[in-house]
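**Student:** One structure, as structure tokens, below. Some questions next.
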Amino acid sequence: MMQVKCRQIKKQLEEKGALNPAQQLTYDMATKGASAVCPENLQPVIDWSNSVK
């Protein structure tokens, strides 16, 4: 199922031509498995998780 969705996303973005940074990241995620996860982006999630334990 994920492969089908990735192909769909890739096709839609390729039809757009020039991509903004968010679209480029989405394209890279669908084609190369890129990730936007970094410690700075995870900290709010970690803080929330620790607060509900």
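How things are named: the first chain in the structure tokens is A, the next is B, and so on; residues count from 1 in each chain; ligands count from 1 in the order shown.
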Write out as a PyMOL selection string all residues of stretch 13-52 of chain A that DSSP puts in alpha helix (DSSP H) for this structure's backbone.
**Tutor:** chain A and resi 13-16+21-32+39-52
**Student:** Any chance you can output those residues with N, CA and C atoms as a CSV table (one decimal), in the first residue's frame?
**Tutor:**
```
chain,number,residue,atom,x,y,z
A,13,LEU,N,3.9,15.2,-7.8
A,13,LEU,CA,4.9,16.2,-7.7
A,13,LEU,C,5.8,16.4,-9.0
A,14,GLU,N,6.0,15.3,-9.7
A,14,GLU,CA,6.7,15.5,-11.0
A,14,GLU,C,5.9,16.3,-12.0
A,15,GLU,N,4.6,16.2,-11.9
A,15,GLU,CA,3.8,17.0,-12.8
A,15,GLU,C,3.8,18.5,-12.5
A,16,LYS,N,4.1,18.9,-11.3
A,16,LYS,CA,4.1,20.3,-10.8
A,16,LYS,C,5.3,21.1,-11.4
A,21,PRO,N,10.4,24.1,-1.1
A,21,PRO,CA,11.1,23.2,-0.2
A,21,PRO,C,10.3,22.1,0.5
A,22,ALA,N,9.1,22.4,0.9
A,22,ALA,CA,8.3,21.4,1.5
A,22,ALA,C,7.9,20.3,0.5
A,23,GLN,N,7.6,20.7,-0.7
A,23,GLN,CA,7.3,19.7,-1.7
A,23,GLN,C,8.5,18.9,-2.1
A,24,GLN,N,9.7,19.5,-2.2
A,24,GLN,CA,10.9,18.8,-2.5
A,24,GLN,C,11.2,17.8,-1.4
A,25,LEU,N,11.0,18.1,-0.1
A,25,LEU,CA,11.2,17.2,0.9
A,25,LEU,C,10.2,16.0,0.8
A,26,THR,N,9.0,16.3,0.5
A,26,THR,CA,8.0,15.2,0.3
A,26,THR,C,8.4,14.3,-0.8
A,27,TYR,N,8.9,14.9,-1.9
A,27,TYR,CA,9.3,14.1,-3.1
A,27,TYR,C,10.5,13.2,-2.7
A,28,ASP,N,11.4,13.8,-2.0
A,28,ASP,CA,12.6,13.0,-1.5
A,28,ASP,C,12.2,11.9,-0.6
A,29,MET,N,11.2,12.1,0.3
A,29,MET,CA,10.7,11.1,1.1
A,29,MET,C,10.1,9.9,0.3
A,30,ALA,N,9.3,10.3,-0.7
A,30,ALA,CA,8.7,9.3,-1.5
A,30,ALA,C,9.6,8.5,-2.4
A,31,THR,N,10.7,9.2,-2.8
A,31,THR,CA,11.6,8.5,-3.8
A,31,THR,C,12.9,7.9,-3.2
A,32,LYS,N,13.4,8.6,-2.1
A,32,LYS,CA,14.6,8.1,-1.5
A,32,LYS,C,14.6,7.7,0.0
A,39,PRO,N,16.7,15.8,16.2
A,39,PRO,CA,16.4,16.0,17.6
A,39,PRO,C,15.6,17.2,17.9
A,40,GLU,N,15.8,18.3,17.2
A,40,GLU,CA,15.1,19.6,17.5
A,40,GLU,C,13.6,19.4,17.2
A,41,ASN,N,13.3,18.7,16.2
A,41,ASN,CA,11.9,18.4,15.8
A,41,ASN,C,11.2,17.4,16.8
A,42,LEU,N,12.0,16.6,17.3
A,42,LEU,CA,11.4,15.5,18.2
A,42,LEU,C,11.2,16.0,19.7
A,43,GLN,N,11.9,17.0,20.1
A,43,GLN,CA,11.9,17.4,21.5
A,43,GLN,C,10.5,17.7,22.0
A,44,PRO,N,9.6,18.4,21.3
A,44,PRO,CA,8.3,18.6,21.8
A,44,PRO,C,7.5,17.3,22.0
A,45,VAL,N,7.7,16.3,21.1
A,45,VAL,CA,7.1,15.0,21.2
A,45,VAL,C,7.6,14.3,22.4
A,46,ILE,N,8.9,14.3,22.6
A,46,ILE,CA,9.5,13.7,23.8
A,46,ILE,C,9.0,14.3,25.1
A,47,ASP,N,8.9,15.6,25.1
A,47,ASP,CA,8.4,16.3,26.3
A,47,ASP,C,7.0,15.9,26.6
A,48,TRP,N,6.2,15.9,25.6
A,48,TRP,CA,4.8,15.5,25.7
A,48,TRP,C,4.7,14.0,26.2
A,49,SER,N,5.5,13.1,25.6
A,49,SER,CA,5.4,11.7,26.0
A,49,SER,C,5.8,11.6,27.5
A,50,ASN,N,6.9,12.3,27.9
A,50,ASN,CA,7.3,12.2,29.3
A,50,ASN,C,6.2,12.8,30.3
A,51,SER,N,5.5,13.8,29.8
A,51,SER,CA,4.5,14.4,30.7
A,51,SER,C,3.2,13.5,30.9
A,52,VAL,N,3.0,12.6,30.0
A,52,VAL,CA,1.8,11.8,30.1
A,52,VAL,C,2.1,10.4,30.8
```
**Student:** How many Å lie between atom CA of A:Gln3 and atom CA of A:Ser35, rounded to one decimal?
**Tutor:**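 Between atom CA of A:Gln3 and atom CA of A:Ser35 the gap is 16.4 Å.
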**Student:** How many Å lie between atom CA of A:Lys10 and atom CA of A:Gly33, rounded to one decimal?
**Tutor:**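 Rounded to one decimal, the two atoms are 12.0 Å apart.
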